[in-house]
Each structure stands twice: as structure tokens, then as C-alpha cells.
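Raw contents of structure-v6.txt, compact mmCIF, C-alpha atoms:
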```
# COMPACT_ATOMS: atom_id res chain seq x y z
CA MET A 252 0.00 0.00 0.00
CA ASP A 253 1.39 3.42 -0.91
CA ILE A 254 1.75 6.18 1.65
CA GLY A 255 -0.74 8.43 -0.18
CA PHE A 256 -3.60 5.93 0.10
CA GLY A 257 -2.62 5.18 3.70
CA PHE A 258 -2.88 8.88 4.59
CA TRP A 259 -6.18 9.10 2.74
CA LEU A 260 -7.57 6.20 4.84
CA PHE A 261 -6.23 7.79 8.04
CA THR A 262 -7.75 11.19 7.16
CA VAL A 263 -11.14 9.75 6.17
CA ALA A 264 -11.32 7.77 9.43
CA LEU A 265 -10.20 10.79 11.47
CA GLY A 266 -12.82 13.02 9.83
CA ALA A 267 -15.61 10.42 10.03
CA SER A 268 -14.85 9.61 13.65
CA ALA A 269 -14.61 13.30 14.62
CA LEU A 270 -17.97 13.99 12.95
CA GLY A 271 -19.48 10.92 14.58
CA GLY A 272 -18.04 11.95 17.95
CA MET A 273 -19.61 15.40 17.65
CA LEU A 274 -22.99 13.73 17.22
CA GLY A 275 -22.47 11.00 19.79
CA MET A 276 -22.23 8.15 17.30
CA ALA A 277 -19.54 5.85 15.92
CA GLY A 278 -17.90 6.92 12.66
CA GLY A 279 -18.47 3.56 10.95
CA ILE A 280 -21.66 4.82 9.40
CA PHE A 281 -19.56 7.33 7.41
CA VAL A 282 -16.40 5.20 6.98
CA VAL A 283 -17.93 2.26 5.09
CA PRO A 284 -19.76 4.26 2.37
CA ILE A 285 -16.80 6.61 1.84
CA LEU A 286 -14.23 3.77 1.57
CA THR A 287 -16.55 1.84 -0.72
CA MET A 288 -17.68 4.64 -3.01
CA TYR A 289 -14.64 6.93 -3.08
CA GLY A 290 -11.76 4.61 -2.11
CA GLY A 291 -12.61 1.73 -4.39
CA VAL A 292 -12.38 -0.59 -1.36
CA ASP A 293 -14.42 -3.80 -1.51
CA ILE A 294 -17.42 -3.44 0.80
CA ARG A 295 -16.47 -6.53 2.87
CA ILE A 296 -12.94 -5.15 3.42
CA ALA A 297 -14.41 -1.72 4.29
CA ILE A 298 -16.74 -3.39 6.82
CA GLY A 299 -13.78 -5.30 8.29
CA ALA A 300 -11.77 -2.09 8.70
CA SER A 301 -14.75 -0.26 10.13
CA ILE A 302 -15.47 -2.96 12.72
CA VAL A 303 -11.91 -2.56 14.07
CA SER A 304 -12.37 1.21 14.21
CA VAL A 305 -15.66 0.68 16.09
CA ILE A 306 -13.78 -1.39 18.71
CA ALA A 307 -11.03 1.25 18.90
CA CYS A 308 -13.52 4.09 19.45
CA SER A 309 -15.52 2.12 22.01
CA CYS A 310 -12.43 1.16 24.05
CA GLY A 311 -10.82 4.59 23.66
CA SER A 312 -13.80 6.55 24.93
CA ALA A 313 -15.08 4.19 27.65
CA ALA A 314 -12.74 5.25 30.49
CA PRO A 315 -14.26 8.65 31.44
CA PHE A 316 -17.80 7.20 31.50
CA LEU A 317 -16.64 4.32 33.71
CA ARG A 318 -14.83 6.64 36.13
CA GLU A 319 -17.93 8.86 36.33
CA ARG A 320 -19.93 5.69 37.04
CA LEU A 321 -22.35 6.44 34.20
CA THR A 322 -21.85 3.01 32.63
CA ASN A 323 -24.11 0.28 33.97
CA ILE A 324 -21.68 -2.61 33.51
CA ARG A 325 -24.05 -5.22 34.95
CA LEU A 326 -26.72 -4.29 32.42
CA ALA A 327 -24.09 -4.12 29.66
CA ILE A 328 -22.90 -7.71 30.16
CA VAL A 329 -26.51 -8.97 30.20
CA LEU A 330 -27.38 -7.12 26.98
CA GLU A 331 -24.13 -8.33 25.39
CA THR A 332 -25.48 -11.90 25.41
CA ALA A 333 -28.01 -10.64 22.82
CA THR A 334 -25.70 -8.34 20.84
CA VAL A 335 -22.94 -10.97 20.56
CA LEU A 336 -25.45 -13.63 19.51
CA GLY A 337 -26.74 -11.14 16.93
CA ALA A 338 -23.18 -10.48 15.77
CA LEU A 339 -22.64 -14.22 15.22
CA THR A 340 -25.82 -14.31 13.14
CA GLY A 341 -24.54 -11.29 11.20
CA VAL A 342 -21.21 -13.04 10.49
CA LEU A 343 -23.02 -16.07 9.09
CA LEU A 344 -25.37 -13.86 7.04
CA SER A 345 -22.51 -11.74 5.68
CA GLY A 346 -21.07 -14.80 3.95
CA ILE A 347 -24.37 -15.44 2.17
CA LEU A 348 -25.82 -12.03 1.34
CA PRO A 349 -24.86 -10.54 -2.03
CA GLU A 350 -23.01 -7.21 -2.08
CA ALA A 351 -26.02 -5.36 -3.53
CA VAL A 352 -28.22 -6.48 -0.61
CA LEU A 353 -25.58 -5.27 1.89
CA LEU A 354 -25.52 -1.89 0.12
CA PHE A 355 -29.34 -1.63 0.23
CA ILE A 356 -29.42 -2.51 3.95
CA PHE A 357 -26.70 0.08 4.56
CA ALA A 358 -28.69 2.70 2.63
CA ALA A 359 -31.79 1.95 4.73
CA VAL A 360 -29.77 2.26 7.97
CA LEU A 361 -28.35 5.60 6.78
CA LEU A 362 -31.88 6.91 6.12
CA LEU A 363 -33.10 5.73 9.54
CA SER A 364 -30.06 7.35 11.18
CA ALA A 365 -30.81 10.63 9.36
CA TRP A 366 -34.36 10.51 10.66
CA GLN A 367 -33.15 9.76 14.20
CA MET A 368 -30.68 12.62 13.97
CA LEU A 369 -33.46 15.08 13.24
CA ALA A 370 -35.86 13.69 15.82
CA ARG A 371 -34.67 15.12 19.12
CA ARG A 372 -33.95 12.47 21.72
CA ARG A 373 -36.04 13.02 24.82
CA GLU A 374 -35.17 11.91 28.32
CA PRO A 375 -37.43 8.92 28.96
CA GLU A 376 -39.59 9.01 32.07
CA VAL A 377 -37.60 7.04 34.58
CA ALA A 378 -39.61 3.97 35.44
CA ILE A 379 -40.76 4.04 39.04
CA ALA A 380 -41.25 0.31 39.03
CA SER A 381 -39.81 -2.14 36.60
CA THR A 382 -42.29 -3.18 33.92
CA GLU A 383 -41.25 -6.71 34.80
CA PRO A 384 -41.82 -6.60 38.58
CA GLY A 385 -39.73 -9.17 40.36
CA GLY A 386 -38.28 -10.08 36.98
CA LEU A 387 -34.84 -10.75 35.67
CA ALA A 388 -33.66 -7.14 36.01
CA THR A 389 -34.34 -7.26 39.75
CA ALA A 390 -32.85 -10.73 40.18
CA LEU A 391 -29.65 -9.63 38.43
CA ARG A 392 -29.58 -6.32 40.33
CA LEU A 393 -29.49 -4.23 37.18
CA HIS A 394 -31.32 -1.19 38.60
CA SER A 395 -28.79 1.44 39.54
CA SER A 396 -28.05 5.12 40.07
CA TYR A 397 -25.63 7.79 38.90
CA GLU A 398 -24.44 11.17 40.09
CA ASP A 399 -25.90 13.97 37.97
CA ARG A 400 -23.99 17.20 38.59
CA ALA A 401 -26.51 19.28 36.61
CA LEU A 402 -29.35 18.03 38.80
CA GLY A 403 -27.12 18.16 41.86
CA GLY A 404 -27.68 14.68 43.23
CA LEU A 405 -27.96 10.97 42.83
CA VAL A 406 -30.45 9.84 40.16
CA HIS A 407 -31.91 6.39 40.76
CA TYR A 408 -33.30 4.52 37.78
CA ARG A 409 -34.93 1.17 37.18
CA ILE A 410 -34.70 -0.95 34.08
CA GLY A 411 -37.83 -1.12 31.90
CA SER A 412 -38.60 -4.09 29.69
CA LEU A 413 -35.46 -6.24 29.64
CA SER A 414 -36.95 -8.80 27.25
CA LEU A 415 -37.80 -6.16 24.63
CA GLY A 416 -34.39 -4.56 25.17
CA LEU A 417 -32.68 -7.92 24.57
CA ALA A 418 -34.68 -8.49 21.37
CA LEU A 419 -33.72 -5.08 19.97
CA MET A 420 -30.11 -5.60 21.03
CA TYR A 421 -30.02 -8.87 19.10
CA GLY A 422 -31.01 -6.89 15.99
CA ALA A 423 -28.35 -4.29 16.78
CA GLY A 424 -25.73 -7.06 16.94
CA VAL A 425 -26.80 -8.44 13.55
CA LEU A 426 -26.55 -4.97 11.96
CA SER A 427 -23.20 -4.27 13.63
CA ALA A 428 -21.61 -7.43 12.19
CA LEU A 429 -23.27 -7.11 8.80
CA LEU A 430 -22.37 -3.48 8.21
CA GLY A 431 -19.39 -2.80 10.50
CA ILE A 432 -21.21 -0.10 12.45
CA GLY A 433 -22.08 0.63 16.08
CA SER A 434 -25.82 0.16 15.36
CA GLY A 435 -27.08 3.20 17.24
CA VAL A 436 -30.10 3.03 14.95
CA LEU A 437 -31.46 0.07 16.99
CA LYS A 438 -29.66 0.73 20.26
CA ILE A 439 -31.26 4.13 20.78
CA PRO A 440 -34.85 2.79 20.69
CA ALA A 441 -33.74 -0.19 22.81
CA MET A 442 -32.20 2.03 25.46
CA ASP A 443 -34.81 4.81 25.40
CA SER A 444 -38.12 3.09 24.75
CA ALA A 445 -37.61 -0.45 26.02
CA LEU A 446 -35.13 -0.12 28.89
CA ARG A 447 -36.06 3.50 29.73
CA LEU A 448 -32.55 4.47 30.74
CA PRO A 449 -31.51 8.07 31.40
CA ILE A 450 -29.74 9.38 28.26
CA LYS A 451 -26.34 9.74 29.94
CA VAL A 452 -26.44 6.15 31.22
CA SER A 453 -27.74 4.92 27.88
CA SER A 454 -24.95 6.62 25.88
CA ALA A 455 -22.22 5.39 28.24
CA THR A 456 -23.56 1.82 28.45
CA SER A 457 -24.17 1.60 24.70
CA ASN A 458 -20.64 2.83 23.94
CA PHE A 459 -19.21 0.30 26.42
CA MET A 460 -21.08 -2.58 24.74
CA ILE A 461 -20.10 -1.73 21.17
CA GLY A 462 -16.54 -3.03 21.58
CA VAL A 463 -17.54 -6.50 22.76
CA THR A 464 -20.29 -6.77 20.13
CA ALA A 465 -17.85 -5.80 17.38
CA THR A 466 -15.15 -8.16 18.69
CA ALA A 467 -17.40 -11.19 18.16
CA SER A 468 -17.57 -10.45 14.43
CA ALA A 469 -14.08 -8.92 14.14
CA GLY A 470 -12.52 -12.20 15.35
CA ALA A 471 -14.29 -14.13 12.60
CA TYR A 472 -13.51 -11.50 9.94
CA PHE A 473 -9.84 -11.34 11.02
CA ILE A 474 -9.41 -15.11 10.69
CA ARG A 475 -11.43 -15.13 7.45
CA GLY A 476 -9.07 -12.53 5.96
CA ASP A 477 -11.70 -9.79 5.62
CA ILE A 478 -9.69 -7.51 7.92
CA VAL A 479 -6.77 -6.26 5.85
CA PRO A 480 -4.29 -4.75 8.35
CA THR A 481 -2.89 -2.21 5.85
CA ILE A 482 -6.43 -0.79 5.53
CA ALA A 483 -7.73 -1.46 9.06
CA GLY A 484 -4.53 -0.05 10.69
CA PRO A 485 -4.74 3.54 9.38
CA VAL A 486 -8.55 3.49 9.80
CA ALA A 487 -8.30 2.39 13.46
CA LEU A 488 -5.61 4.95 14.23
CA GLY A 489 -7.54 7.77 12.53
CA SER A 490 -10.71 6.73 14.36
CA VAL A 491 -9.12 6.86 17.81
CA LEU A 492 -7.72 10.35 17.20
CA GLY A 493 -10.96 11.48 15.51
CA ALA A 494 -13.06 10.33 18.47
CA ILE A 495 -10.89 12.39 20.84
CA LEU A 496 -11.11 15.40 18.51
CA GLY A 497 -14.89 15.03 18.08
CA ALA A 498 -15.46 14.89 21.83
CA ARG A 499 -13.41 18.10 22.29
CA ILE A 500 -15.25 19.94 19.49
CA LEU A 501 -18.59 18.80 20.94
CA LEU A 502 -17.83 20.84 24.05
CA VAL A 503 -17.51 24.13 22.16
CA ILE A 504 -20.07 24.01 19.35
CA ALA A 505 -23.84 23.85 19.14
CA SER A 506 -24.82 20.60 17.53
CA ASP A 507 -28.30 21.51 16.21
CA ARG A 508 -27.13 22.85 12.85
CA LEU A 509 -24.59 20.06 12.55
CA ARG A 510 -27.38 17.53 12.99
CA LEU A 511 -29.29 19.01 10.08
CA LEU A 512 -26.16 19.11 7.91
CA PHE A 513 -25.23 15.51 8.69
CA ALA A 514 -28.78 14.31 8.17
CA VAL A 515 -28.50 15.75 4.64
CA VAL A 516 -25.08 14.08 4.18
CA LEU A 517 -26.49 10.73 5.37
CA VAL A 518 -29.44 10.96 2.97
CA GLY A 519 -27.01 11.81 0.14
CA LEU A 520 -24.80 8.80 0.98
CA ALA A 521 -27.87 6.57 1.22
CA ALA A 522 -29.03 7.68 -2.23
CA GLN A 523 -25.58 7.02 -3.70
CA LEU A 524 -25.37 3.57 -2.10
CA ALA A 525 -28.85 2.67 -3.32
CA LEU A 526 -27.93 3.80 -6.84
CA THR A 527 -24.70 1.80 -6.72
CA ALA A 528 -26.57 -1.27 -5.47
CA SER A 529 -29.05 -0.86 -8.34
CA GLY A 530 -26.21 -0.79 -10.82
CA PHE A 531 -26.56 2.92 -11.67
CA GLY A 532 -23.49 4.06 -9.73
CA SER A 533 -19.90 3.00 -9.94
CA PHE A 534 -17.07 2.54 -7.47
CA GLY A 535 -13.88 4.44 -7.98
CA GLY A 536 -11.25 6.45 -6.18
CA PRO A 537 -7.66 6.47 -5.10
CA GLY A 538 -7.55 2.78 -4.13
CA MET B 194 -24.33 -3.52 50.20
CA LYS B 195 -21.41 -1.17 50.89
CA ARG B 196 -18.97 -3.93 50.04
CA GLN B 197 -20.74 -4.54 46.75
CA GLN B 198 -20.54 -0.81 45.92
CA ALA B 199 -16.83 -0.77 46.72
CA ASP B 200 -16.31 -3.86 44.53
CA ASP B 201 -18.27 -2.25 41.67
CA LEU B 202 -16.25 0.96 41.97
CA ARG B 203 -12.96 -0.95 41.91
CA LEU B 204 -14.08 -2.94 38.86
CA ASP B 205 -15.18 0.25 37.04
CA HIS B 206 -11.75 1.80 37.59
CA ARG B 207 -9.90 -1.38 36.61
CA LEU B 208 -11.92 -1.65 33.39
CA ALA B 209 -11.36 2.04 32.62
CA ALA B 210 -7.58 1.68 33.03
CA THR B 211 -7.45 -1.54 30.98
CA LEU B 212 -9.41 -0.07 28.08
CA GLN B 213 -7.58 3.27 28.14
CA TYR B 214 -4.04 1.87 28.30
CA GLY B 215 -4.93 -0.95 25.93
CA THR B 216 -6.18 1.55 23.35
CA TRP B 217 -2.99 3.59 23.61
CA LEU B 218 -0.81 0.49 23.35
CA ALA B 219 -2.65 -0.85 20.28
CA SER B 220 -2.61 2.61 18.65
CA PHE B 221 1.11 3.00 19.38
CA VAL B 222 1.93 -0.42 17.88
CA ILE B 223 -0.11 0.37 14.73
CA ALA B 224 1.51 3.83 14.40
CA LEU B 225 4.97 2.27 14.79
CA GLY B 226 4.14 -0.30 12.13
CA LEU B 227 2.86 2.32 9.70
CA VAL B 228 5.95 4.49 10.20
CA ALA B 229 8.19 1.46 9.59
CA THR B 230 6.20 0.59 6.46
CA TRP B 231 6.14 4.08 4.98
CA THR B 232 9.66 5.28 5.84
CA PRO B 233 11.93 5.42 2.74
CA TRP B 234 14.59 3.03 4.14
CA PRO B 235 17.83 2.32 2.24
CA PRO B 236 17.27 -0.50 -0.28
CA SER B 237 19.40 -2.93 1.77
CA ILE B 238 16.92 -2.96 4.70
CA LEU B 239 13.72 -1.84 2.93
CA ALA B 240 12.14 -5.29 2.57
CA ALA B 241 12.95 -6.32 6.16
CA ALA B 242 11.69 -3.01 7.59
CA GLN B 243 8.44 -3.25 5.62
CA LEU B 244 7.91 -6.81 6.82
CA VAL B 245 8.46 -5.77 10.44
CA GLY B 246 6.13 -2.79 9.89
CA ALA B 247 3.38 -4.97 8.41
CA ARG B 248 3.66 -7.42 11.33
CA LEU B 249 3.41 -4.59 13.85
CA VAL B 250 0.23 -3.31 12.16
CA VAL B 251 -1.24 -6.84 12.31
CA ALA B 252 -0.27 -7.05 16.02
CA GLY B 253 -1.89 -3.68 16.73
CA VAL B 254 -5.14 -4.66 15.00
CA ALA B 255 -5.13 -7.99 16.88
CA LEU B 256 -4.60 -6.11 20.17
CA PHE B 257 -7.67 -4.00 19.45
CA ILE B 258 -9.74 -7.12 18.75
CA LEU B 259 -8.51 -8.81 21.95
CA LEU B 260 -9.04 -5.78 24.20
CA PRO B 261 -12.82 -6.33 24.67
CA VAL B 262 -12.11 -10.05 25.27
CA LEU B 263 -9.81 -9.04 28.14
CA ARG B 264 -12.53 -6.73 29.42
CA VAL B 265 -15.05 -9.61 29.56
CA LEU B 266 -12.47 -11.83 31.28
CA LEU B 267 -11.86 -9.16 33.94
CA MET B 268 -15.60 -8.85 34.54
CA LEU B 269 -15.97 -12.65 34.73
CA ALA B 270 -13.16 -12.87 37.31
CA ALA B 271 -14.64 -10.01 39.34
CA PHE B 272 -18.13 -11.54 39.41
CA ILE B 273 -16.76 -14.93 40.42
CA ARG B 274 -14.64 -13.34 43.15
CA ALA B 275 -17.69 -11.46 44.45
CA ARG B 276 -19.66 -14.76 44.41
CA ASP B 277 -22.14 -13.14 42.06
CA HIS B 278 -22.85 -16.43 40.34
CA ARG B 279 -25.68 -15.20 38.11
CA LEU B 280 -23.65 -12.40 36.52
CA GLY B 281 -20.63 -14.72 36.45
CA ALA B 282 -22.64 -17.17 34.36
CA VAL B 283 -23.79 -14.34 32.06
CA ALA B 284 -20.18 -13.14 31.57
CA ALA B 285 -19.09 -16.76 30.88
CA LEU B 286 -21.84 -17.05 28.26
CA VAL B 287 -20.68 -13.84 26.55
CA MET B 288 -17.12 -15.19 26.57
CA ILE B 289 -18.23 -18.47 24.99
CA LEU B 290 -20.22 -16.62 22.31
CA ILE B 291 -17.20 -14.44 21.46
CA LEU B 292 -15.00 -17.54 21.16
CA LEU B 293 -17.68 -19.08 18.95
CA GLY B 294 -17.18 -16.10 16.62
CA PHE B 295 -13.50 -17.05 16.29
CA VAL B 296 -14.49 -20.68 15.69
CA VAL B 297 -16.92 -19.60 12.93
CA GLY B 298 -14.04 -17.72 11.26
CA LEU B 299 -11.77 -20.79 11.52
CA ALA B 300 -14.48 -23.07 10.15
CA GLU B 301 -15.04 -20.80 7.15
CA VAL B 302 -11.30 -20.73 6.41
CA ALA B 303 -11.09 -24.53 6.68
CA ARG B 304 -13.98 -24.97 4.18
```
Spell out the structure here as C-alpha cells.
Amino acid sequence: MDIGFGFWLFTVALGASALGGMLGMAGGIFVVPILTMYGGVDIRIAIGASIVSVIACSCGSAAPFLRERLTNIRLAIVLETATVLGALTGVLLSGILPEAVLLFIFAAVLLLSAWQMLARRREPEVAIASTEPGGLATALRLHSSYEDRALGGLVHYRIGSLSLGLALMYGAGVLSALLGIGSGVLKIPAMDSALRLPIKVSSATSNFMIGVTATASAGAYFIRGDIVPTIAGPVALGSVLGAILGARILLVIASDRLRLLFAVVLVGLAAQLALTASGFGSFGGPG
Amino acid sequence: MKRQQADDLRLDHRLAATLQYGTWLASFVIALGLVATWTPWPPSILAAAQLVGARLVVAGVALFILLPVLRVLLMLAAFIRARDHRLGAVAALVMILILLGFVVGLAEVAR
């Protein structure tokens, strides 16, 4: 691989991860379409590189949330049974599904993400009692609390419907493995509507889980040869630095206009992917 | 209850340190590998340097993939130590499922 293409991969990942970080999402949703459409990278190789960058971003940004005790690690490990099982399903499906189908699914996820980006996320009403009284969430002691400095005290929360949350998380795992993304598109409804977690806890816990979910598929892809280190290396490195940059920029800018801009970008990428999948577009680029 | 909170706090901090330092280590190894690959070495050592560089990048990527596995292992050990058998069993199940992912990869290569 020449140095020019390596720098291009690094820069794309840095930019995508910084943009994703500003919006509280993983950069994979930008990385895969850009590598595929503008880098001439095979979609399976792009997904392999992206899944490593998803792990890198998840691991790299988990520490502050853990130290602030925002991450509910007990809930995370329970939900990971579903996401990892979903990831295994995704790995098996990825070997069967034709490239055009993968591109169509990706385009649909991009459109859903654009819609989610425009629909403001509201703090769910914290459940006073679990919707599964005496259920699994209570038995596993998943209900917890966190210190909210803005509210000036300890916020106690209880887990909503764990069974619905697990079902949605299974779907998130499938999408993550199939497309090499963090799957916020399914995790957000799972965390907000099913589990009814406070947004801060939901973001921290979701970020914490992404790494393990992605590892289940990354291991298979690595052994299968779908993770090409010369592509995944610069992408992972760019993603780690981009995530740090994105988090810093997030502190100083208003994200409302950015959300609108990125929703437009996501719709544009979705349209291009759909056209490519239909045979009307073409791959090309520096690769 | 207080003991459980102290255990949870200790585990949170241990996981944070593992993931943070692990990320830096993997990133450093990848960066080192890329520099070794892209540096215009004299022709006499170019091939060897590029080989070492490529292997370092592979090692860095593998470290990233193994980092969450280590995180699950740490959680499994902590739950077992705290005699939290239910969560221990859940963590063991996650570990088995992750390993199954590696087995699926091996099976596909063998086919």
C-alpha cells in the first residue's frame, strides 16, 4: 500500500470519527460508504476495517464514563449476550448475502439514522417500578443510580422491559456485524423506549457494549481474511484520534445545525449507495 | 451492600484503566508499524523493515480485537470473586459466544 492511500484512509477515518463523535455516534456509518464509493475498497474489506475502528472508538472513549460511574456494567454484560449472539448471526449472514443487498441494507440504515438525527432524543420518564416486577432485572440487580452534577444529586433509575431490550439488542448485533457499524439506529430505541434508561447512562452503556459486540464479528472476519491490516490499521488509528477530537469539538459548538447538515449528508450517501446497489453508480477512487 | 458498591467501583476503575491503556498500546503499535512501512529506508533494509512494519500493524489490530475479550475476562473474574454467580454465568456465556465467533471464522477458512 502506498503512503498516499494510507494517509487518505487515516484522514477519512479521522474526519468520520470526529464527525461521529460530535454527534455521539460511531464513525463507521460514514467510513464504510466513503471507503466503498470513493476509495474503491471492496465493501467486505471496508466493513472489516470499520469494525476494528468501532472497537477502537468504544475502548478509547469508555474510560471517562466508567470513572464517572455512568456506565451500567451489569446491564451491559446482560445485553451483550443478545448483541454478541446477533453479531454471530450477522457473520453467518454476511457470507451469504450478495453485495447489492448489503448496500441496500446500509442505505436503509443511513436513512433511519438521518431521521433519528433530526428527531430530538427526549429523556425517557424514569420507570418508578420495573415493567417486569420481580423479573430478571431485579434478580440480576441491574437497577442502579448515577451522580448527575446538573441536577445536583444521585439519580436512581430502574430498568424497563429487559426482554424487549434484549430483542432489539439482538437486531443491533446483527446490523453491527453485517455493516461494520455501532448500530445506534437500533440501540437508541432499545435504550430509550424499552429499557427506559436516562440518556447519559444509555450513551455510556451503549458505547461500552459496542466493543464486545464488534469483537465477536471482528474475530471471525480477522481469521477469514476480511480484515486487511494495511487498511484497518490507518482506519483504526484515525478513528481513535478522531473520536478524541470530536469529543473536544462537541464541548464548544452547538450541535443543532450540525445535525441538520449531517442528516443531509447521510441521505445523500444513502441515495448514492442505493444507486450503486441498483447498478446505476460505480465505485472508484484512489484505491 | 457497601462492600458490593466498593467492589463495583474498583471494577469500574480497573476496566477504565485496561481499556484506556490498551487503546494507547494498540494505537502506538499500529503507528509504529505504519511508520516502519512508509519510511523510505535504504534498499538494503527496505524489505525487512516493511515486513516488520506490516507485522506490527497486524499485532496492533489484533490487540484492538482482543481488548474487549480481556474486558469480559476481567468482569468474569470479578463476578466470580464477588460470588455473584448469576452475573458470572452471564459473563461466561458472553465469553463463549465471542470464542464461537472465532471458531466460525476458523471453520469458514477450513472450508
Please report as a PyMOL selection string which residues of chain B come no farther than 7 Å from chain A, using only C-alpha atoms.
chain B and resi 205-206+209-210+212-213+216+220+223+231+250-251+254+257-258+261-262+279-280+283-284+286-287+290-291+294-295+297-299+301-302
Restricting to only C-alpha atoms, whichever of A:Ala327, A:Val352, A:Val263, A:Ile432 is closest to Tyr289 of chain A is A:Val263
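For the pair atom CA of Ala365 of chain A and atom CA of Gly435 of chain A, the separation is 11.5 Å.
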Please define a box with edges along x, y and z of the file around all atoms of segment 286-293 of chain B given in the file, extend it by 5 Å on each side, and return its centre and edge lengths in Å to one decimal, as AutoDock Vina command-line options.
```
--center_x -18.4 --center_y -16.5 --center_z 23.6 --size_x 16.8 --size_y 15.2 --size_z 19.3
```
Å distance separating atom CA of Ala277 of chain A from atom CA of Leu369 of chain A, one decimal place
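If I compute the distance from atom CA of Ala277 of chain A to atom CA of Leu369 of chain A, I get 16.9 Å.
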Considering all atoms listed in the file, return as a ChimeraX atom specification whatever protein or nucleic-acid residues lie within 7 Å of segment 224-230 of chain B, sequence-local ones (same chain, fewer than 3 positions apart) excluded.
/B:220-221,242-243,246-247,249-250
Can I get the selected residues back with C-alpha atoms, as a PDB file, in the frame of the given file?
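Result file is result-v8.pdb:
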```
ATOM      1  CA  SER B 220      -2.610   2.610  18.650  1.00  0.00           C
ATOM      2  CA  PHE B 221       1.110   3.000  19.380  1.00  0.00           C
ATOM      3  CA  ALA B 242      11.690  -3.010   7.590  1.00  0.00           C
ATOM      4  CA  GLN B 243       8.440  -3.250   5.620  1.00  0.00           C
ATOM      5  CA  GLY B 246       6.130  -2.790   9.890  1.00  0.00           C
ATOM      6  CA  ALA B 247       3.380  -4.970   8.410  1.00  0.00           C
ATOM      7  CA  LEU B 249       3.410  -4.590  13.850  1.00  0.00           C
ATOM      8  CA  VAL B 250       0.230  -3.310  12.160  1.00  0.00           C
TER       9      VAL B 250
END
```
Near Leu426 of chain A, within 9 Å and counting all atoms listed in the file, which residues show up once chain neighbours fewer than 4 positions away are dropped, as a list of chain:residue names?
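Everything that qualifies: A:Gly337, A:Ala338, A:Gly341, A:Ile356, A:Phe357, A:Val360, A:Tyr421, A:Gly422, A:Leu430, A:Gly431, A:Ile432, A:Gly433, A:Ser434, A:Leu437.
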Would you kindly return, as a list of chain:residue names, each protein, DNA or RNA residue with an atom no farther than 10 Å from any atom of Leu267 of chain B, considering all atoms listed in the file and excluding same-chain residues fewer than 2 positions away?
B:Leu204, B:Arg207, B:Leu208, B:Thr211, B:Pro261, B:Val262, B:Leu263, B:Arg264, B:Val265, B:Leu269, B:Ala270, B:Ala271, B:Phe272, B:Ile273, B:Ala284
Out of A:Ala525, A:Ile296, A:Leu270, A:Ala351, which residue has the shortest atom-to-atom distance to Leu512 of chain A when counting all atoms listed in the file?
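Ranked by minimum distance to Leu512 of chain A, first place goes to A:Leu270.
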